[in-house]
$ cat input-v2.txt   # compact mmCIF, C-alpha atoms
# COMPACT_ATOMS: atom_id res chain seq x y z
CA MET A 1 2.81 -66.04 62.34
CA SER A 2 2.26 -66.82 66.02
CA GLU A 3 1.72 -70.37 67.08
CA GLU A 4 -1.79 -69.79 68.34
CA GLU A 5 -2.87 -68.41 65.01
CA LYS A 6 -4.66 -71.22 63.28
CA HIS A 7 -5.60 -71.45 59.66
CA ILE A 8 -9.24 -71.88 58.94
CA LEU A 9 -10.96 -73.30 55.90
CA GLU A 10 -13.24 -71.30 53.67
CA PRO A 11 -14.58 -73.74 51.11
CA GLN A 12 -16.84 -71.11 49.55
CA ARG A 13 -13.79 -69.30 48.30
CA TRP A 14 -11.68 -72.28 47.24
CA VAL A 15 -12.33 -72.05 43.52
CA GLU A 16 -11.66 -68.34 43.48
CA LEU A 17 -8.53 -68.53 45.65
CA TYR A 18 -6.91 -71.80 44.61
CA GLY A 19 -8.57 -72.91 41.38
CA ASP A 20 -5.76 -71.70 39.15
CA TYR A 21 -3.05 -72.79 41.53
CA LEU A 22 -4.30 -76.37 41.81
CA PHE A 23 -5.01 -76.49 38.10
CA ASN A 24 -1.41 -75.47 37.38
CA TYR A 25 -0.10 -78.14 39.69
CA ALA A 26 -2.30 -80.78 38.09
CA ILE A 27 -1.77 -79.93 34.45
CA VAL A 28 2.00 -79.91 34.75
CA ARG A 29 1.76 -83.43 36.12
CA VAL A 30 -0.99 -85.04 34.08
CA ASN A 31 -0.77 -83.02 30.86
CA ASP A 32 -4.40 -83.43 30.04
CA GLN A 33 -6.73 -80.50 30.54
CA GLU A 34 -9.87 -82.46 31.23
CA LYS A 35 -8.11 -84.81 33.62
CA ALA A 36 -6.58 -81.82 35.41
CA GLU A 37 -9.99 -80.18 35.80
CA ASP A 38 -11.41 -83.40 37.22
CA LEU A 39 -8.54 -83.66 39.68
CA VAL A 40 -9.15 -80.11 40.91
CA GLN A 41 -12.81 -80.86 41.46
CA GLU A 42 -12.08 -84.16 43.20
CA THR A 43 -9.57 -82.40 45.43
CA PHE A 44 -12.05 -79.78 46.56
CA LEU A 45 -14.74 -82.37 47.21
CA ALA A 46 -12.33 -84.59 49.11
CA GLY A 47 -11.20 -81.53 51.06
CA LEU A 48 -14.76 -80.78 51.99
CA LYS A 49 -15.27 -84.33 53.21
CA ALA A 50 -12.09 -84.31 55.23
CA LYS A 51 -12.67 -80.79 56.51
CA ASP A 52 -12.86 -81.92 60.13
CA ASN A 53 -9.39 -83.44 59.89
CA PHE A 54 -7.85 -80.10 59.02
CA GLN A 55 -5.87 -79.07 62.06
CA GLY A 56 -4.94 -75.62 60.92
CA LYS A 57 -1.20 -76.30 61.11
CA SER A 58 -0.57 -75.71 57.46
CA THR A 59 -2.18 -73.18 55.21
CA GLU A 60 -5.35 -74.06 53.41
CA ARG A 61 -3.42 -74.06 50.13
CA THR A 62 -0.72 -76.44 51.35
CA TRP A 63 -3.37 -78.74 52.72
CA LEU A 64 -5.30 -78.80 49.44
CA ILE A 65 -2.10 -79.43 47.49
CA SER A 66 -1.32 -82.42 49.69
CA ILE A 67 -4.70 -83.89 48.77
CA LEU A 68 -4.14 -83.18 45.08
CA LYS A 69 -0.66 -84.69 45.20
CA ARG A 70 -2.14 -87.93 46.49
CA LYS A 71 -4.71 -87.87 43.68
CA VAL A 72 -2.07 -87.35 41.02
CA ILE A 73 -0.13 -90.34 42.33
CA ASP A 74 -3.33 -92.41 42.27
CA THR A 75 -3.73 -91.45 38.61
CA TYR A 76 -0.23 -92.72 37.90
CA ARG A 77 -0.93 -95.93 39.76
CA LYS A 78 -4.02 -96.56 37.70
CA GLN A 79 -2.00 -96.12 34.54
CA TYR A 80 0.41 -98.74 35.79
CA ALA A 81 -2.33 -101.10 36.88
CA SER A 82 -3.86 -101.00 33.42
CA LYS A 83 -0.40 -101.59 31.93
CA GLU A 84 -0.13 -104.93 33.67
CA SER A 85 -2.58 -106.44 31.28
CA SER A 86 -0.35 -105.47 28.38
CA MET A 87 3.12 -106.06 29.71
CA GLY A 88 4.40 -106.53 26.18
CA GLU A 89 3.77 -102.91 25.38
CA PHE A 90 5.47 -101.88 28.58
CA GLU A 91 8.57 -103.88 27.76
CA GLN A 92 8.68 -102.35 24.34
CA GLU A 93 8.62 -98.88 25.76
CA ILE A 94 11.66 -99.48 27.86
CA SER A 95 13.66 -101.22 25.15
CA ASP A 96 16.27 -99.10 23.44
CA GLY A 97 15.72 -100.37 19.92
CA ASP A 98 14.69 -97.06 18.47
CA PHE A 99 17.72 -95.07 19.59
CA TYR A 100 20.72 -97.34 19.02
CA ARG A 101 21.81 -99.61 16.22
CA SER A 102 20.70 -103.13 16.95
CA GLU A 103 23.16 -104.94 14.71
CA GLY A 104 26.33 -104.67 12.67
CA PRO A 105 29.81 -103.59 13.72
CA PHE A 106 28.37 -100.44 15.32
CA LYS A 107 25.83 -102.28 17.43
CA GLY A 108 24.91 -100.17 20.44
CA HIS A 109 26.01 -96.92 18.81
CA TRP A 110 23.68 -94.00 18.22
CA MET A 111 21.38 -94.46 15.29
CA GLU A 112 21.52 -91.81 12.62
CA GLY A 113 19.60 -88.76 13.82
CA LYS A 114 18.89 -90.15 17.31
CA GLY A 115 21.96 -88.83 19.06
CA PRO A 116 22.72 -85.21 19.88
CA HIS A 117 23.38 -82.70 17.08
CA SER A 118 23.71 -79.27 18.53
CA HIS A 119 26.39 -78.23 20.93
CA SER A 120 23.92 -76.88 23.44
CA LEU A 121 20.28 -77.59 24.23
CA MET A 122 19.82 -74.28 25.91
CA PRO A 123 19.02 -70.91 24.44
CA GLU A 124 20.96 -67.79 25.39
CA GLY A 125 18.42 -65.00 25.65
CA GLU A 126 15.90 -64.39 28.38
CA LEU A 127 12.92 -64.42 26.04
CA GLU A 128 14.00 -67.78 24.80
CA GLN A 129 14.04 -69.08 28.37
CA VAL A 130 10.29 -68.56 28.47
CA GLU A 131 10.03 -70.40 25.19
CA LEU A 132 12.15 -73.21 26.62
CA MET A 133 9.78 -73.65 29.57
CA LYS A 134 6.91 -74.07 27.10
CA ILE A 135 8.91 -76.59 25.12
CA ILE A 136 9.67 -78.58 28.25
CA GLN A 137 6.01 -78.78 29.05
CA LEU A 138 5.14 -79.78 25.52
CA CYS A 139 7.83 -82.45 25.51
CA ILE A 140 6.66 -83.90 28.83
CA SER A 141 3.20 -84.19 27.29
CA HIS A 142 4.68 -86.14 24.39
CA LEU A 143 6.21 -88.76 26.69
CA PRO A 144 4.36 -92.08 26.98
CA PRO A 145 2.30 -91.83 30.20
CA ASN A 146 4.36 -94.24 32.26
CA LEU A 147 7.63 -92.53 31.36
CA ALA A 148 6.04 -89.17 32.08
CA SER A 149 4.95 -90.23 35.56
CA VAL A 150 8.44 -91.47 36.44
CA PHE A 151 10.01 -88.33 34.99
CA VAL A 152 7.64 -85.97 36.82
CA MET A 153 7.87 -87.73 40.16
CA LYS A 154 11.64 -87.89 40.04
CA MET A 155 12.53 -84.61 38.33
CA ILE A 156 9.72 -82.22 39.21
CA ASP A 157 8.52 -83.51 42.57
CA GLU A 158 12.02 -84.73 43.43
CA ALA A 159 10.56 -87.76 45.15
CA GLU A 160 12.83 -90.36 46.70
CA SER A 161 13.47 -93.37 44.49
CA GLU A 162 12.05 -95.74 47.10
CA GLU A 163 8.85 -93.75 47.13
CA VAL A 164 8.51 -93.76 43.34
CA CYS A 165 9.09 -97.52 43.21
CA LYS A 166 6.62 -98.16 45.97
CA GLU A 167 3.91 -95.94 44.53
CA LEU A 168 4.22 -97.28 41.01
CA GLY A 169 5.02 -100.86 41.93
CA ILE A 170 8.23 -100.99 39.91
CA THR A 171 11.74 -102.17 40.74
CA PRO A 172 14.69 -99.78 41.08
CA SER A 173 16.19 -101.08 37.85
CA ASN A 174 12.88 -100.41 36.04
CA LEU A 175 13.02 -96.93 37.49
CA TRP A 176 16.53 -96.11 36.24
CA VAL A 177 15.86 -97.54 32.81
CA MET A 178 12.61 -95.59 32.51
CA LEU A 179 14.19 -92.38 33.69
CA HIS A 180 16.95 -92.89 31.14
CA ARG A 181 14.34 -93.51 28.42
CA ALA A 182 12.47 -90.40 29.44
CA ARG A 183 15.65 -88.32 29.25
CA LEU A 184 16.50 -89.74 25.83
CA LYS A 185 13.10 -88.71 24.56
CA MET A 186 13.06 -85.35 26.31
CA ARG A 187 16.49 -84.44 24.95
CA GLN A 188 15.52 -85.44 21.46
CA CYS A 189 12.22 -83.59 21.67
CA ILE A 190 13.76 -80.35 22.98
CA GLU A 191 16.52 -80.40 20.40
CA SER A 192 14.09 -80.98 17.57
CA LYS A 193 11.98 -78.02 18.70
CA TRP A 194 14.97 -75.68 18.65
CA LEU A 195 16.20 -76.90 15.30
CA LYS A 196 12.82 -76.27 13.73
CA MET B 1 38.68 -104.59 36.43
CA SER B 2 36.76 -105.08 33.26
CA ARG B 3 38.49 -103.98 30.10
CA ARG B 4 35.36 -104.40 28.10
CA MET B 5 34.54 -101.27 26.15
CA ILE B 6 30.98 -100.10 26.37
CA ALA B 7 28.97 -98.65 23.48
CA CYS B 8 26.76 -95.56 23.37
CA ASP B 9 23.67 -97.39 24.68
CA GLU B 10 25.34 -98.34 27.94
CA ALA B 11 27.24 -95.07 28.16
CA SER B 12 24.10 -92.97 27.79
CA PHE B 13 22.37 -95.08 30.42
CA LEU B 14 25.26 -94.44 32.83
CA ILE B 15 25.19 -90.72 32.01
CA SER B 16 21.59 -90.66 33.20
CA TYR B 17 22.12 -93.10 36.07
CA ARG B 18 24.97 -91.11 37.61
CA HIS B 19 22.70 -88.15 38.25
CA GLU B 20 20.93 -90.02 41.02
CA ASN B 21 23.42 -92.75 41.87
CA ARG B 22 27.08 -93.27 42.52
CA LEU B 23 28.82 -95.22 39.83
CA GLY B 24 31.13 -97.91 41.12
CA PHE B 25 34.74 -97.64 39.99
CA LYS B 26 34.32 -100.16 37.18
CA ARG B 27 31.34 -98.41 35.63
CA TRP B 28 32.90 -95.00 36.16
CA TRP B 29 36.04 -96.14 34.36
CA GLN B 30 34.11 -97.69 31.48
CA LEU B 31 32.20 -94.46 31.05
CA GLN B 32 35.35 -92.32 31.12
CA MET B 33 36.99 -94.53 28.50
CA HIS B 34 33.93 -94.29 26.31
CA LEU B 35 33.66 -90.52 26.66
CA LEU B 36 37.32 -90.13 25.66
CA THR B 37 36.59 -91.66 22.30
CA CYS B 38 32.99 -90.64 21.59
CA HIS B 39 32.17 -87.01 20.85
CA LEU B 40 28.44 -87.76 20.53
CA CYS B 41 28.23 -89.10 24.07
CA ARG B 42 30.26 -86.14 25.36
CA LYS B 43 27.68 -83.91 23.76
CA TYR B 44 24.92 -86.10 25.14
CA ALA B 45 26.31 -85.82 28.68
CA ARG B 46 26.42 -82.03 28.42
CA GLN B 47 22.89 -81.87 27.08
CA ILE B 48 21.54 -84.14 29.82
CA ASP B 49 23.08 -81.80 32.41
CA GLN B 50 21.35 -78.92 30.69
CA LEU B 51 18.08 -80.83 30.55
CA ASN B 52 18.20 -81.58 34.27
CA ASN B 53 18.90 -77.95 35.10
CA ALA B 54 16.18 -76.69 32.80
CA VAL B 55 13.60 -79.05 34.26
CA LYS B 56 14.57 -77.93 37.75
CA HIS B 57 14.09 -74.36 36.67
CA TYR B 58 10.79 -75.31 35.07
CA SER B 59 9.42 -76.91 38.22
CA GLU B 60 10.53 -73.93 40.32
CA SER B 61 9.00 -71.39 37.99
CA CYS B 62 5.75 -73.35 37.93
CA SER B 63 5.50 -73.41 41.67
CA HIS B 64 5.86 -69.63 41.67
CA ASP B 65 2.91 -69.20 39.36
CA THR B 66 4.89 -67.92 36.42
CA CYS B 67 3.93 -70.63 33.99
CA GLN B 68 0.36 -69.66 34.33
CA HIS B 69 -2.47 -71.91 33.30
CA HIS B 70 -5.90 -70.76 34.18
CA LEU B 71 -8.66 -73.03 35.26
CA PRO B 72 -11.06 -72.62 32.34
CA GLU B 73 -14.18 -70.63 33.16
CA GLU B 74 -16.48 -73.49 32.25
CA ALA B 75 -14.72 -75.90 34.58
CA SER B 76 -14.61 -73.29 37.29
CA VAL B 77 -18.39 -72.86 37.13
CA LYS B 78 -18.90 -76.60 37.19
CA ILE B 79 -16.65 -77.04 40.21
CA ARG B 80 -18.26 -74.15 42.09
CA HIS B 81 -21.60 -75.77 41.47
CA ALA B 82 -20.44 -79.18 42.70
CA LEU B 83 -18.92 -77.60 45.79
CA SER B 84 -21.95 -75.56 46.75
CA LYS B 85 -24.20 -78.55 46.22
CA GLU B 86 -22.03 -80.48 48.64
CA LEU B 87 -21.91 -77.58 51.09
CA ASN B 88 -25.67 -77.14 51.09
CA ALA B 89 -26.22 -80.83 51.65
CA LYS B 90 -24.41 -80.55 54.97
$ encode --input "input-v2.txt" --output "structure tokens"
Amino acid sequence: MSEEEKHILEPQRWVELYGDYLFNYAIVRVNDQEKAEDLVQETFLAGLKAKDNFQGKSTERTWLISILKRKVIDTYRKQYASKESSMGEFEQEISDGDFYRSEGPFKGHWMEGKGPHSHSLMPEGELEQVELMKIIQLCISHLPPNLASVFVMKMIDEAESEEVCKELGITPSNLWVMLHRARLKMRQCIESKWLK
Amino acid sequence: MSRRMIACDEASFLISYRHENRLGFKRWWQLQMHLLTCHLCRKYARQIDQLNNAVKHYSESCSHDTCQHHLPEEASVKIRHALSKELNAK
């Protein structure tokens, strides 16, 4: 594409052109259909409002995604803000009590059934790869919301740790503990789906 | 150097932590010593590697439209309506 060629916006065609694409982006990150639909609508409306700021440097789609990305992060922030009122619950979610033995000579060791069983988490065949992708999505949706937001920002968006901490208002040590918790749960969830 | 042995809770935390961070020598050593003696955590470490790779694959495949979710028709109509209302107001 030549440098002079500028992208233009065609809001009349947004739903048709980008509806599915934005919806995909949103649902992977918020795991709630209704919420994802709302985010798509809010993105288009915000895009319309900010239309004059569009400089045509990026494509229409990239520009809309950048608006949606911001909105997804705002959703996460709201989840955290509402958590502040119930810090006890938050603490409980990051404690390890339900995975390791909390007393006895084997304190700190895996609790029966909470550690890994199978040799491999991953299926061999190609068809099963598709199945695995579905399982990953399902398992992300089973994570508690605050663990899910950390997991998605870090693992799917590959955001910098500083950015995640800043956006969510958590400390780096919170972040690493939560990411660890999310992985514990994801591993367990995926394994249990295969064993079924 | 600490000779304290760590248990599975700390070891599994370090297994996760080392994916994004460098372990200092002390923590690295503690983890190696634990992994030598604990087959469950060895398995855990392998599975966490697999999990990280699979999630990477998942996010890539989603950005290439292969894990297709469609905006439901009903929502699509609603959004079109909201957009055109906004457009006509201008």
$ closest_residue --input "input-v2.txt" --among "B:Ala45, B:Ala54, B:Leu14, B:Leu87" --to "Leu31 of chain B" --atoms "only C-alpha atoms"
B:Leu14
$ closest_residue --input "input-v2.txt" --among "B:Glu74, B:Trp28, B:Ser61, B:Asp9" --to "chain A" --atoms "all atoms listed in the file"
B:Asp9
$ closest_residue --input "input-v2.txt" --among "A:Ile190, A:Trp176, A:Glu128, A:Phe44" --to "Ser16 of chain B" --atoms "all atoms listed in the file"
A:Trp176
$ interface_residues --input "input-v2.txt" --of "chain A" --to "chain B" --cutoff "9 Å" --atoms "only C-alpha atoms" --output "PyMOL selection string"
chain A and resi 11-12+14-16+19-25+27-28+34+37-38+40-42+44-45+48+96+99-101+106-110+115-122+130+132-134+136-137+155-157+161+176-177+179-181+183-184+186-187+190
$ write_last_selection --input "input-v2.txt" --atoms "C-alpha atoms" --output "PDB file, keeping the file's coordinate frame"
ATOM      1  CA  PRO A  11     -14.580 -73.740  51.110  1.00  0.00           C
ATOM      2  CA  GLN A  12     -16.840 -71.110  49.550  1.00  0.00           C
ATOM      3  CA  TRP A  14     -11.680 -72.280  47.240  1.00  0.00           C
ATOM      4  CA  VAL A  15     -12.330 -72.050  43.520  1.00  0.00           C
ATOM      5  CA  GLU A  16     -11.660 -68.340  43.480  1.00  0.00           C
ATOM      6  CA  GLY A  19      -8.570 -72.910  41.380  1.00  0.00           C
ATOM      7  CA  ASP A  20      -5.760 -71.700  39.150  1.00  0.00           C
ATOM      8  CA  TYR A  21      -3.050 -72.790  41.530  1.00  0.00           C
ATOM      9  CA  LEU A  22      -4.300 -76.370  41.810  1.00  0.00           C
ATOM     10  CA  PHE A  23      -5.010 -76.490  38.100  1.00  0.00           C
ATOM     11  CA  ASN A  24      -1.410 -75.470  37.380  1.00  0.00           C
ATOM     12  CA  TYR A  25      -0.100 -78.140  39.690  1.00  0.00           C
ATOM     13  CA  ILE A  27      -1.770 -79.930  34.450  1.00  0.00           C
ATOM     14  CA  VAL A  28       2.000 -79.910  34.750  1.00  0.00           C
ATOM     15  CA  GLU A  34      -9.870 -82.460  31.230  1.00  0.00           C
ATOM     16  CA  GLU A  37      -9.990 -80.180  35.800  1.00  0.00           C
ATOM     17  CA  ASP A  38     -11.410 -83.400  37.220  1.00  0.00           C
ATOM     18  CA  VAL A  40      -9.150 -80.110  40.910  1.00  0.00           C
ATOM     19  CA  GLN A  41     -12.810 -80.860  41.460  1.00  0.00           C
ATOM     20  CA  GLU A  42     -12.080 -84.160  43.200  1.00  0.00           C
ATOM     21  CA  PHE A  44     -12.050 -79.780  46.560  1.00  0.00           C
ATOM     22  CA  LEU A  45     -14.740 -82.370  47.210  1.00  0.00           C
ATOM     23  CA  LEU A  48     -14.760 -80.780  51.990  1.00  0.00           C
ATOM     24  CA  ASP A  96      16.270 -99.100  23.440  1.00  0.00           C
ATOM     25  CA  PHE A  99      17.720 -95.070  19.590  1.00  0.00           C
ATOM     26  CA  TYR A 100      20.720 -97.340  19.020  1.00  0.00           C
ATOM     27  CA  ARG A 101      21.810 -99.610  16.220  1.00  0.00           C
ATOM     28  CA  PHE A 106      28.370-100.440  15.320  1.00  0.00           C
ATOM     29  CA  LYS A 107      25.830-102.280  17.430  1.00  0.00           C
ATOM     30  CA  GLY A 108      24.910-100.170  20.440  1.00  0.00           C
ATOM     31  CA  HIS A 109      26.010 -96.920  18.810  1.00  0.00           C
ATOM     32  CA  TRP A 110      23.680 -94.000  18.220  1.00  0.00           C
ATOM     33  CA  GLY A 115      21.960 -88.830  19.060  1.00  0.00           C
ATOM     34  CA  PRO A 116      22.720 -85.210  19.880  1.00  0.00           C
ATOM     35  CA  HIS A 117      23.380 -82.700  17.080  1.00  0.00           C
ATOM     36  CA  SER A 118      23.710 -79.270  18.530  1.00  0.00           C
ATOM     37  CA  HIS A 119      26.390 -78.230  20.930  1.00  0.00           C
ATOM     38  CA  SER A 120      23.920 -76.880  23.440  1.00  0.00           C
ATOM     39  CA  LEU A 121      20.280 -77.590  24.230  1.00  0.00           C
ATOM     40  CA  MET A 122      19.820 -74.280  25.910  1.00  0.00           C
ATOM     41  CA  VAL A 130      10.290 -68.560  28.470  1.00  0.00           C
ATOM     42  CA  LEU A 132      12.150 -73.210  26.620  1.00  0.00           C
ATOM     43  CA  MET A 133       9.780 -73.650  29.570  1.00  0.00           C
ATOM     44  CA  LYS A 134       6.910 -74.070  27.100  1.00  0.00           C
ATOM     45  CA  ILE A 136       9.670 -78.580  28.250  1.00  0.00           C
ATOM     46  CA  GLN A 137       6.010 -78.780  29.050  1.00  0.00           C
ATOM     47  CA  MET A 155      12.530 -84.610  38.330  1.00  0.00           C
ATOM     48  CA  ILE A 156       9.720 -82.220  39.210  1.00  0.00           C
ATOM     49  CA  ASP A 157       8.520 -83.510  42.570  1.00  0.00           C
ATOM     50  CA  SER A 161      13.470 -93.370  44.490  1.00  0.00           C
ATOM     51  CA  TRP A 176      16.530 -96.110  36.240  1.00  0.00           C
ATOM     52  CA  VAL A 177      15.860 -97.540  32.810  1.00  0.00           C
ATOM     53  CA  LEU A 179      14.190 -92.380  33.690  1.00  0.00           C
ATOM     54  CA  HIS A 180      16.950 -92.890  31.140  1.00  0.00           C
ATOM     55  CA  ARG A 181      14.340 -93.510  28.420  1.00  0.00           C
ATOM     56  CA  ARG A 183      15.650 -88.320  29.250  1.00  0.00           C
ATOM     57  CA  LEU A 184      16.500 -89.740  25.830  1.00  0.00           C
ATOM     58  CA  MET A 186      13.060 -85.350  26.310  1.00  0.00           C
ATOM     59  CA  ARG A 187      16.490 -84.440  24.950  1.00  0.00           C
ATOM     60  CA  ILE A 190      13.760 -80.350  22.980  1.00  0.00           C
TER      61      ILE A 190
END
$ atom_distance --input "input-v2.txt" --atom1 "atom CA of Thr37 of chain B" --atom2 "atom CA of Gly104 of chain A"
19.2 Å
$ residues_around --input "input-v2.txt" --residues "Gln55 of chain A" --least-positions-apart "2" --cutoff "12 Å" --atoms "all atoms listed in the file" --output "list in words"
Glu4, Glu5, Lys6, His7, Ile8, Leu9, Ala50, Lys51, Asp52, Asn53, Lys57, Ser58, Thr59, Glu60 and Trp63 of chain A
$ write_last_selection --input "input-v2.txt" --atoms "C-alpha atoms" --output "compact mmCIF listing (two decimals), in the frame of the given file"
# COMPACT_ATOMS: atom_id res chain seq x y z
CA GLU A 4 -1.79 -69.79 68.34
CA GLU A 5 -2.87 -68.41 65.01
CA LYS A 6 -4.66 -71.22 63.28
CA HIS A 7 -5.60 -71.45 59.66
CA ILE A 8 -9.24 -71.88 58.94
CA LEU A 9 -10.96 -73.30 55.90
CA ALA A 50 -12.09 -84.31 55.23
CA LYS A 51 -12.67 -80.79 56.51
CA ASP A 52 -12.86 -81.92 60.13
CA ASN A 53 -9.39 -83.44 59.89
CA LYS A 57 -1.20 -76.30 61.11
CA SER A 58 -0.57 -75.71 57.46
CA THR A 59 -2.18 -73.18 55.21
CA GLU A 60 -5.35 -74.06 53.41
CA TRP A 63 -3.37 -78.74 52.72
$ atom_distance --input "input-v2.txt" --atom1 "atom CA of Ala81 of chain A" --atom2 "atom CA of Lys166 of chain A"
13.1 Å
$ residues_around --input "input-v2.txt" --residues "segment 167-175 of chain A" --least-positions-apart "3" --cutoff "12 Å" --atoms "all atoms listed in the file" --output "PyMOL selection string"
(chain A and resi 70-84+90-91+93-95+146-151+153-154+159-164+178-182) or (chain B and resi 13+16-17+20-21)
$ atom_distance --input "input-v2.txt" --atom1 "atom CA of His34 of chain B" --atom2 "atom CA of Ser102 of chain A"
18.5 Å
